Amino acid sequence: MRFDLRCKLEQVLEMRALDSEIYDFSSGDRLMQWYAAHAGQLDLLFLDIEMEGTGGMETARILRAQDIHLQLVFVPGHPDYVFDGYGVGALGYLWKPPKNDALQDILYRALSALQLEAEDMYYCRNAEGTFRIPKKSILYLCSEKRQVTCQTKSRDYTFYARLGDVAAELGQGFVRIHQRHVVNAAAVEKVTGESVVVDGVSLPISRSYRRESMQALTRALLD
């Protein structure tokens, strides 16, 4: 089933001219081991419910706890597990054997859902792949020689970009406090005249950004 679905998925994606990467895992345990180092890299996940080791439904529960935005689709052979999927916010079901029209419908719904939430996401790319990061989970960003590190509660993401361009893409709520630092105003715990504290980390406010950043942080905190 796994290779049949992959083949059909590749055909549909090629037909729709969608740029994508497909990963294939032989078990839920291997998927979760990989995902531990690649959180945010998947947009849509097809899960066989009956797998060796950790089953598809339990795998879905574990991944859903880590990523509320991941689109989940179950691939069952019979309807016994249908209602369980609602507990993890499944997008839908793709019955075995998968049919092209059903697969196209699932992809259309997944793309629609991803487009709706795109405003709340920041996308970055590095050697490991493309990552989808919820903006509200970002604590701060640091720049060093054209490399930007995006820090979240769970992990950091490093990629090549101009910090000013990243700040502009993130938009309202993200404040440039230094040539090398941008902070999420909602994550700021303390502000002094010379620094801000985010998640216990003190970041300097440079003289050239002090007035503008203090005004922006004040507005954000009042809002």
# chains A, B, ... in the order shown; residues from 1 in each chain; ligands from 1
>>> residues_around(residues="stretch 116-132 of chain A", least_positions_apart="5", cutoff="8 Å", atoms="only C-alpha atoms", output="PyMOL selection string")
chain A and resi 39-43+158-160+169-170
>>> write_last_selection(atoms="N, CA, C and O atoms", output="short mmCIF file (atom, residue, chain, number, x, y, z; two decimals), in the first residue's frame")
data_model
loop_
_atom_site.label_atom_id
_atom_site.label_comp_id
_atom_site.auth_asym_id
_atom_site.auth_seq_id
_atom_site.Cartn_x
_atom_site.Cartn_y
_atom_site.Cartn_z
N ALA A 39 10.88 18.78 13.29
CA ALA A 39 9.55 19.34 13.60
C ALA A 39 9.28 20.55 12.71
O ALA A 39 10.13 21.41 12.52
N GLY A 40 8.08 20.61 12.14
CA GLY A 40 7.71 21.71 11.27
C GLY A 40 8.05 21.51 9.81
O GLY A 40 7.74 22.35 8.97
N GLN A 41 8.67 20.38 9.48
CA GLN A 41 9.08 20.15 8.10
C GLN A 41 7.98 19.49 7.28
O GLN A 41 8.00 19.54 6.06
N LEU A 42 7.00 18.89 7.93
CA LEU A 42 5.91 18.24 7.22
C LEU A 42 4.66 19.10 7.23
O LEU A 42 4.33 19.72 8.24
N ASP A 43 3.97 19.14 6.10
CA ASP A 43 2.67 19.84 6.02
C ASP A 43 1.52 18.84 6.05
O ASP A 43 0.48 19.10 6.66
N THR A 158 18.24 27.53 11.73
CA THR A 158 19.25 28.42 11.18
C THR A 158 19.20 28.36 9.65
O THR A 158 19.13 27.28 9.06
N PHE A 159 19.23 29.53 9.03
CA PHE A 159 19.11 29.60 7.56
C PHE A 159 19.75 30.91 7.10
O PHE A 159 19.99 31.83 7.89
N TYR A 160 20.03 31.00 5.81
CA TYR A 160 20.64 32.19 5.24
C TYR A 160 19.55 33.18 4.82
O TYR A 160 18.61 32.83 4.10
N GLU A 169 8.95 40.22 6.67
CA GLU A 169 8.06 39.11 6.37
C GLU A 169 7.24 38.70 7.61
O GLU A 169 6.06 38.34 7.49
N LEU A 170 7.85 38.75 8.78
CA LEU A 170 7.13 38.40 10.01
C LEU A 170 6.06 39.42 10.32
O LEU A 170 4.99 39.08 10.83
#
>>> residues_around(residues="A:Asp67", least_positions_apart="4", cutoff="12 Å", atoms="only C-alpha atoms", output="ChimeraX atom specification")
/A:35-36,38-45,60-63,71-72,88-89,132-134,137,154
>>> select_by_dssp(residues="stretch 53-219 of chain A", states="strand (DSSP E or B)", output="ChimeraX atom specification")
/A:71-75,92-93,121-126,129-134,138-144,147-152,156-160,174-178,181-184,188-191,195-198,201-204
